[in-house]
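A.B. asks: What follows is a structure written as structure tokens; I'll ask about it next.
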Amino acid sequence: MVAASALIRPAGRTDAPAIARDSRLRLLLASGGDDRIWPDPVTRRNRYGAPAAPAPDELWFSSSTASAISPRGWAAAGKALARLGDGDLAIHVWFDDLRGRLLALYGVPGAEAVLAPSGTEAELVALCLALGLAQGPLVNIVVAPAETGSGVPAAASGQHFLGCTSLGASVAKGGRLAGWEDADVTLDTIEIREPDGALRSQSAVDQVAAFRVQRAVAAGAFALLHVLDASKTGRPGVSRRAAGWIAARHPGRVTVVVDACQLRCSADAIRRDLAAGFSVMLTGSKFAGGPAFCGALLLPGESVDRLALVNLRGAPLAPYSAALDWPARLRPKLCAGLAHPANLGLGLRWTAALAEIEAFESLSAARRATLLARFDRAVRTRVAADPALALVDPDLAADAPGLVPVFEVHNPDPRPAYEAMARGSGASRPCHLGQPVLIGRRAALRVCASMPMITDAAEHGFEEVEAALGEVFAAWAAARA
């Protein structure tokens, strides 16, 4: 989403029923998630600086973190809520349809989808299923935790990552989920960068992954190996080729999950992952441009078949997962332990995200690739023209088009500029970039395209994106002054 003309503005109604409907929709869109998306009572924005309603007059180049809901997404969510309220849509049918739409975009025969409030909760779901397959000690091998999510290491260890959960429970941050207190889970991590921020070679990362899995299996454990499709700076970790070789070497003792939560890979890549027997974590709230807090775990058919034969304990997930988040094939094995039948806010957020994903996927692959490449060139050109800025990985091609991390040359902490830009000023409207991410001893901001931006550019031309980028970089220079 770029500017005021992006997509469709919500109708400017002033009648009381419309205001009440919009207020209800804003409230529900911020429900079913933890305090990261609760609106501040003064600013009415969540922790990521995004409101629960569209903000098309602000500049949203922040899709590596979060964006405001798009007008198209807002309209889709509003329509779904109205149908639910009128009784035209049964809630179980709605959730089945959401999973069906995800699988129509990314699935293969036999695959299933589990919805989750965010990518971090998707990690909890992946751990739950891996424990069912392991039936014993488990080593969870996570790639580049500093470039995935702050709560991922805790979730990967079976711990609560905050003091409140997405379904409203108060818990002890860092404590094990109830029912997993005695689970034999060990967290192992693989870094994709050296301590100074330099990238490690792909072969070095792959070799470490092979060694870590070998060590886990030799010790009698089951391994859950992560493949990182795109980090917060757009870089991969553990290649698909290496993961396939590792899994083939240890049949029945390792399962692979691809972290595609940025959703910057192609639908074909996700289908290939599922066909290879890998599970895939994704979100509709990063590149997809949906509202913050809509995640999912896609499961290949062979994993679903195996899971149907093992003992799964859903109770530990009760503070995070609702029964209708799960496909019918797995629901009977987990529902007895889940306290909530449905997460309405999650369903509305995925409704909004899917509206944008389907619009983006309706464009030809060549058109999408051309526009994303043009975006990257435009950002890199502006960075090169500003001596106060520098690309994070200047000598490397983009692994994730539409995500460009940038350093401030003389300032290791760009947070003041980031916050000033988000507030806006008399000379500039609010400009949103991806949150600072630490790389070595410096932090970078990220200039990001999103599906709504690319869809809009395909319809109206790229000139508006160019103009908006000019405004963003001018605001950045002013914030540094």
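Chain labels A, B, ... are given in the sequence in which chains occur in the structure tokens; within each chain residues are numbered consecutively from 1, and ligands are likewise numbered from 1 in the order shown.
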If you count only C-alpha atoms, which residues fall within 9 Å of Ser62 of chain A, apart from same-chain ones fewer than 4 positions away, as a count of residues only?
C.D. replies: 14
A.B. asks: Within 9 Å of segment 355-379 of chain A, which residues of segment 274-333 of chain A come that close, and what is the closest atom pair and distance in Å for each? Count only C-alpha atoms and give it as a Markdown table.
C.D. replies:
```
| residue | atom | partner | partner_atom | distance |
| --- | --- | --- | --- | --- |
| A:Gly284 | CA | A:Ile357 | CA | 7.9 |
| A:Ala288 | CA | A:Ile357 | CA | 5.9 |
| A:Gly289 | CA | A:Glu356 | CA | 7.0 |
| A:Gly290 | CA | A:Glu356 | CA | 7.1 |
```
A.B. asks: For atom CA of Glu181 of chain A and atom CA of His340 of chain A, quote the distance in Å rounded to one decimal.
C.D. replies: 21.9 Å
A.B. asks: Determine the nearest neighbour of Phe473 of chain A from the options A:Leu89, A:Arg36, A:Ser63, A:Ser428, counting only C-alpha atoms.
C.D. replies: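 Of A:Leu89, A:Arg36, A:Ser63, A:Ser428, the one nearest Phe473 of chain A, counting only C-alpha atoms, is A:Ser428.
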A.B. asks: Using only C-alpha atoms, which protein or nucleic acid residues come within 9 Å of Pro117 of chain A? Drop anything in the same chain fewer than 5 positions from it, and give the result as a ChimeraX atom specification.
C.D. replies: /A:32-34,122,166,292-296,320-321,343,345-346
A.B. asks: Could you dump the residues just selected with C-alpha atoms as a short mmCIF file (atom, residue, chain, number, x, y, z; two decimals), in the first residue's frame?
C.D. replies:
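Below is the file that was written, out-v7.cif:
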```
data_model
loop_
_atom_site.label_atom_id
_atom_site.label_comp_id
_atom_site.auth_asym_id
_atom_site.auth_seq_id
_atom_site.Cartn_x
_atom_site.Cartn_y
_atom_site.Cartn_z
CA GLY A 32 -7.48 -13.00 19.25
CA GLY A 33 -3.88 -11.83 19.50
CA ASP A 34 -1.57 -10.89 22.35
CA ALA A 122 2.98 -21.36 14.08
CA SER A 166 -3.32 -14.72 21.91
CA ALA A 292 -0.65 -8.07 11.81
CA PHE A 293 -1.20 -11.48 13.37
CA CYS A 294 -2.30 -14.04 10.82
CA GLY A 295 -0.10 -17.09 10.49
CA ALA A 296 -0.43 -20.64 9.23
CA TYR A 320 -2.96 -20.09 21.63
CA SER A 321 -5.01 -22.30 19.32
CA ASN A 343 -10.65 -17.22 16.96
CA GLY A 345 -10.14 -12.02 14.97
CA LEU A 346 -7.77 -14.46 13.29
#
```
A.B. asks: Among the residues of segment 337-417 of chain A, find those DSSP assigns to strand (DSSP E or B) from the backbone and print them as a CSV table (one decimal) with all heavy atoms, in the first residue's frame.
C.D. replies:
```csv
chain,number,residue,atom,x,y,z
A,389,LEU,N,23.7,6.9,3.7
A,389,LEU,CA,23.1,5.6,3.8
A,389,LEU,C,23.9,4.6,3.0
A,389,LEU,O,24.7,4.9,2.1
A,389,LEU,CB,21.7,5.7,3.1
A,389,LEU,CG,20.7,6.6,3.7
A,389,LEU,CD1,19.4,6.6,2.9
A,389,LEU,CD2,20.4,6.3,5.2
A,390,ALA,N,23.8,3.3,3.4
A,390,ALA,CA,24.5,2.2,2.7
A,390,ALA,C,23.7,0.9,2.8
A,390,ALA,O,23.0,0.7,3.8
A,390,ALA,CB,25.8,2.0,3.4
A,391,LEU,N,23.8,0.1,1.7
A,391,LEU,CA,23.1,-1.1,1.7
A,391,LEU,C,23.8,-2.1,2.7
A,391,LEU,O,25.0,-2.1,2.9
A,391,LEU,CB,23.1,-1.7,0.3
A,391,LEU,CG,22.4,-1.0,-0.8
A,391,LEU,CD1,22.7,-1.6,-2.1
A,391,LEU,CD2,20.9,-1.0,-0.5
A,403,LEU,N,12.6,-6.4,-0.5
A,403,LEU,CA,13.0,-6.1,0.9
A,403,LEU,C,14.5,-5.7,0.8
A,403,LEU,O,15.4,-6.5,0.5
A,403,LEU,CB,12.9,-7.4,1.7
A,403,LEU,CG,13.0,-7.3,3.2
A,403,LEU,CD1,12.6,-8.7,3.9
A,403,LEU,CD2,14.3,-6.9,3.8
A,404,VAL,N,14.7,-4.4,1.1
A,404,VAL,CA,16.0,-3.8,1.0
A,404,VAL,C,16.5,-3.3,2.4
A,404,VAL,O,15.9,-2.2,2.8
A,404,VAL,CB,16.1,-2.7,0.0
A,404,VAL,CG1,17.5,-2.2,-0.2
A,404,VAL,CG2,15.5,-3.2,-1.4
A,405,PRO,N,17.4,-3.9,3.1
A,405,PRO,CA,17.9,-3.4,4.4
A,405,PRO,C,18.9,-2.3,4.2
A,405,PRO,O,19.8,-2.5,3.3
A,405,PRO,CB,18.4,-4.6,5.1
A,405,PRO,CG,18.8,-5.6,4.0
A,405,PRO,CD,17.9,-5.3,2.8
A,406,VAL,N,18.9,-1.3,5.0
A,406,VAL,CA,19.7,-0.1,4.8
A,406,VAL,C,20.3,0.3,6.1
A,406,VAL,O,19.6,0.5,7.1
A,406,VAL,CB,19.0,1.0,4.1
A,406,VAL,CG1,19.9,2.2,3.9
A,406,VAL,CG2,18.3,0.6,2.8
A,407,PHE,N,21.6,0.6,6.1
A,407,PHE,CA,22.3,1.2,7.3
A,407,PHE,C,22.3,2.7,7.2
A,407,PHE,O,22.4,3.3,6.1
A,407,PHE,CB,23.8,0.7,7.4
A,407,PHE,CG,24.0,-0.7,7.9
A,407,PHE,CD1,24.8,-1.5,7.2
A,407,PHE,CD2,23.4,-1.1,9.1
A,407,PHE,CE1,25.1,-2.8,7.7
A,407,PHE,CE2,23.6,-2.4,9.5
A,407,PHE,CZ,24.4,-3.2,8.8
A,408,GLU,N,22.3,3.4,8.3
A,408,GLU,CA,22.8,4.8,8.4
A,408,GLU,C,24.3,4.7,8.6
A,408,GLU,O,24.8,4.1,9.6
A,408,GLU,CB,22.1,5.5,9.5
A,408,GLU,CG,20.6,5.8,9.2
A,408,GLU,CD,19.9,6.7,10.3
A,408,GLU,OE1,20.6,7.1,11.2
A,408,GLU,OE2,18.7,6.9,10.1
A,411,ASN,N,25.6,6.2,12.0
A,411,ASN,CA,24.8,6.0,13.2
A,411,ASN,C,24.4,4.5,13.3
A,411,ASN,O,23.6,4.0,12.5
A,411,ASN,CB,23.5,6.9,13.0
A,411,ASN,CG,22.6,6.7,14.2
A,411,ASN,OD1,23.0,6.3,15.3
A,411,ASN,ND2,21.3,7.1,14.0
```
A.B. asks: Write out as a VMD selection string the set of residues from segment 229-267 of chain A that DSSP, computed on the backbone, places in helix (DSSP H, G or I).
C.D. replies: chain A and resid 240 to 249 267
A.B. asks: As a list of chain:residue names, please: the residues near Ala400 of chain A (cut-off 10 Å, only C-alpha atoms, same-chain neighbours under 5 positions excluded).
C.D. replies: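 My list of contacting residues is A:Asp229, A:Ala230, A:Ser231, A:Lys232, A:Thr233, A:Gly234, A:Arg235, A:Pro236, A:Gln262, A:Leu263, A:Arg264, A:Cys265, A:Leu372, A:Asp376.
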A.B. asks: I'd like the interatomic distance between atom CA of Gly237 of chain A and atom CA of Arg176 of chain A, to a tenth of an Å.
C.D. replies: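 One can read the atom CA of Gly237 of chain A to atom CA of Arg176 of chain A distance as 27.4 Å.
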A.B. asks: If we count only C-alpha atoms and set the cut-off at 9 Å, which residues sit around segment 212-215 of chain A, ignoring sequence neighbours fewer than 3 positions away in its own chain? Please answer as a CSV table (one decimal) with all heavy atoms, in the first residue's frame.
C.D. replies:
```csv
chain,number,residue,atom,x,y,z
A,139,VAL,N,15.1,-32.4,19.3
A,139,VAL,CA,16.0,-31.3,19.2
A,139,VAL,C,15.4,-30.4,18.1
A,139,VAL,O,15.2,-30.8,16.9
A,139,VAL,CB,17.5,-31.7,18.8
A,139,VAL,CG1,18.3,-30.5,18.5
A,139,VAL,CG2,18.1,-32.6,19.9
A,141,ILE,N,15.9,-27.4,15.7
A,141,ILE,CA,17.1,-26.6,15.2
A,141,ILE,C,16.5,-25.4,14.4
A,141,ILE,O,15.9,-25.6,13.3
A,141,ILE,CB,17.9,-27.6,14.2
A,141,ILE,CG1,18.3,-28.8,15.0
A,141,ILE,CG2,19.1,-26.8,13.7
A,141,ILE,CD1,19.0,-29.9,14.2
A,188,ASP,N,18.4,-25.9,19.5
A,188,ASP,CA,19.7,-25.7,18.9
A,188,ASP,C,19.5,-24.6,17.8
A,188,ASP,O,18.5,-24.5,17.2
A,188,ASP,CB,20.2,-27.0,18.2
A,188,ASP,CG,21.7,-27.1,18.1
A,188,ASP,OD1,22.3,-26.1,18.2
A,188,ASP,OD2,22.2,-28.2,17.8
A,189,THR,N,20.6,-23.8,17.6
A,189,THR,CA,20.5,-22.7,16.6
A,189,THR,C,21.6,-22.7,15.7
A,189,THR,O,22.7,-23.1,16.0
A,189,THR,CB,20.4,-21.3,17.4
A,189,THR,OG1,21.6,-21.1,18.1
A,189,THR,CG2,19.2,-21.2,18.3
A,190,ILE,N,21.3,-22.2,14.5
A,190,ILE,CA,22.3,-22.0,13.4
A,190,ILE,C,22.3,-20.6,13.0
A,190,ILE,O,21.2,-20.0,12.6
A,190,ILE,CB,22.0,-22.9,12.2
A,190,ILE,CG1,22.0,-24.4,12.7
A,190,ILE,CG2,23.0,-22.7,11.1
A,190,ILE,CD1,21.6,-25.4,11.6
A,207,GLN,N,26.5,-27.3,6.1
A,207,GLN,CA,27.3,-28.3,6.8
A,207,GLN,C,27.0,-28.3,8.3
A,207,GLN,O,26.9,-29.4,8.9
A,207,GLN,CB,28.8,-27.9,6.5
A,207,GLN,CG,29.3,-28.2,5.1
A,207,GLN,CD,30.7,-27.7,4.9
A,207,GLN,OE1,31.4,-27.3,5.8
A,207,GLN,NE2,31.1,-27.7,3.6
A,208,VAL,N,26.8,-27.1,8.8
A,208,VAL,CA,26.4,-27.0,10.2
A,208,VAL,C,25.1,-27.7,10.5
A,208,VAL,O,24.9,-28.5,11.4
A,208,VAL,CB,26.3,-25.6,10.7
A,208,VAL,CG1,25.8,-25.5,12.2
A,208,VAL,CG2,27.7,-24.9,10.7
A,209,ALA,N,24.1,-27.5,9.6
A,209,ALA,CA,22.8,-28.2,9.7
A,209,ALA,C,22.9,-29.7,9.7
A,209,ALA,O,22.3,-30.4,10.5
A,209,ALA,CB,21.8,-27.7,8.6
A,218,ALA,N,22.1,-39.2,16.6
A,218,ALA,CA,23.1,-40.1,17.2
A,218,ALA,C,22.8,-40.2,18.7
A,218,ALA,O,23.1,-41.3,19.4
A,218,ALA,CB,24.5,-39.7,17.0
A,219,ALA,N,22.3,-39.1,19.3
A,219,ALA,CA,22.0,-39.1,20.7
A,219,ALA,C,20.6,-39.7,21.0
A,219,ALA,O,20.2,-39.7,22.2
A,219,ALA,CB,22.0,-37.7,21.2
A,220,GLY,N,19.9,-40.2,20.0
A,220,GLY,CA,18.6,-40.8,20.2
A,220,GLY,C,17.4,-39.9,20.1
A,220,GLY,O,16.3,-40.3,20.5
A,221,ALA,N,17.7,-38.7,19.6
A,221,ALA,CA,16.6,-37.7,19.5
A,221,ALA,C,16.0,-37.6,18.1
A,221,ALA,O,16.6,-38.1,17.1
A,221,ALA,CB,17.1,-36.3,20.0
A,222,PHE,N,14.8,-37.0,18.0
A,222,PHE,CA,14.2,-36.7,16.8
A,222,PHE,C,14.5,-35.2,16.5
A,222,PHE,O,14.6,-34.4,17.4
A,222,PHE,CB,12.7,-36.9,16.9
A,222,PHE,CG,11.9,-36.7,15.7
A,222,PHE,CD1,11.6,-37.8,14.9
A,222,PHE,CD2,11.4,-35.4,15.3
A,222,PHE,CE1,10.8,-37.6,13.7
A,222,PHE,CE2,10.6,-35.3,14.2
A,222,PHE,CZ,10.3,-36.4,13.4
A,223,ALA,N,14.8,-34.9,15.2
A,223,ALA,CA,15.2,-33.5,14.9
A,223,ALA,C,14.1,-32.8,14.1
A,223,ALA,O,13.5,-33.4,13.2
A,223,ALA,CB,16.5,-33.5,14.1
A,224,LEU,N,13.8,-31.6,14.5
A,224,LEU,CA,12.9,-30.7,13.8
A,224,LEU,C,13.9,-29.6,13.2
A,224,LEU,O,14.4,-28.8,13.9
A,224,LEU,CB,11.9,-30.0,14.7
A,224,LEU,CG,11.0,-28.9,14.0
A,224,LEU,CD1,10.3,-29.4,12.8
A,224,LEU,CD2,10.0,-28.4,15.1
A,225,LEU,N,14.1,-29.7,11.9
A,225,LEU,CA,15.1,-28.8,11.2
A,225,LEU,C,14.3,-27.7,10.4
A,225,LEU,O,13.5,-28.0,9.6
A,225,LEU,CB,15.9,-29.7,10.2
A,225,LEU,CG,16.9,-28.8,9.3
A,225,LEU,CD1,18.0,-28.1,10.2
A,225,LEU,CD2,17.5,-29.7,8.3
A,246,ILE,N,19.5,-34.3,4.0
A,246,ILE,CA,19.5,-34.6,5.5
A,246,ILE,C,18.3,-35.5,5.9
A,246,ILE,O,18.5,-36.5,6.6
A,246,ILE,CB,19.6,-33.3,6.3
A,246,ILE,CG1,20.9,-32.6,6.1
A,246,ILE,CG2,19.3,-33.6,7.8
A,246,ILE,CD1,20.9,-31.2,6.7
A,250,HIS,N,18.3,-39.6,7.2
A,250,HIS,CA,17.8,-40.0,8.5
A,250,HIS,C,16.2,-40.2,8.5
A,250,HIS,O,15.5,-39.5,9.1
A,250,HIS,CB,18.1,-38.9,9.6
A,250,HIS,CG,19.5,-38.5,9.7
A,250,HIS,ND1,20.4,-39.4,10.3
A,250,HIS,CD2,20.2,-37.4,9.3
A,250,HIS,CE1,21.6,-38.8,10.2
A,250,HIS,NE2,21.5,-37.6,9.6
A,254,VAL,N,13.8,-37.2,11.3
A,254,VAL,CA,13.9,-35.8,11.1
A,254,VAL,C,12.7,-35.3,10.3
A,254,VAL,O,12.2,-36.0,9.4
A,254,VAL,CB,15.2,-35.4,10.4
A,254,VAL,CG1,15.4,-36.1,9.1
A,254,VAL,CG2,15.3,-33.9,10.3
```
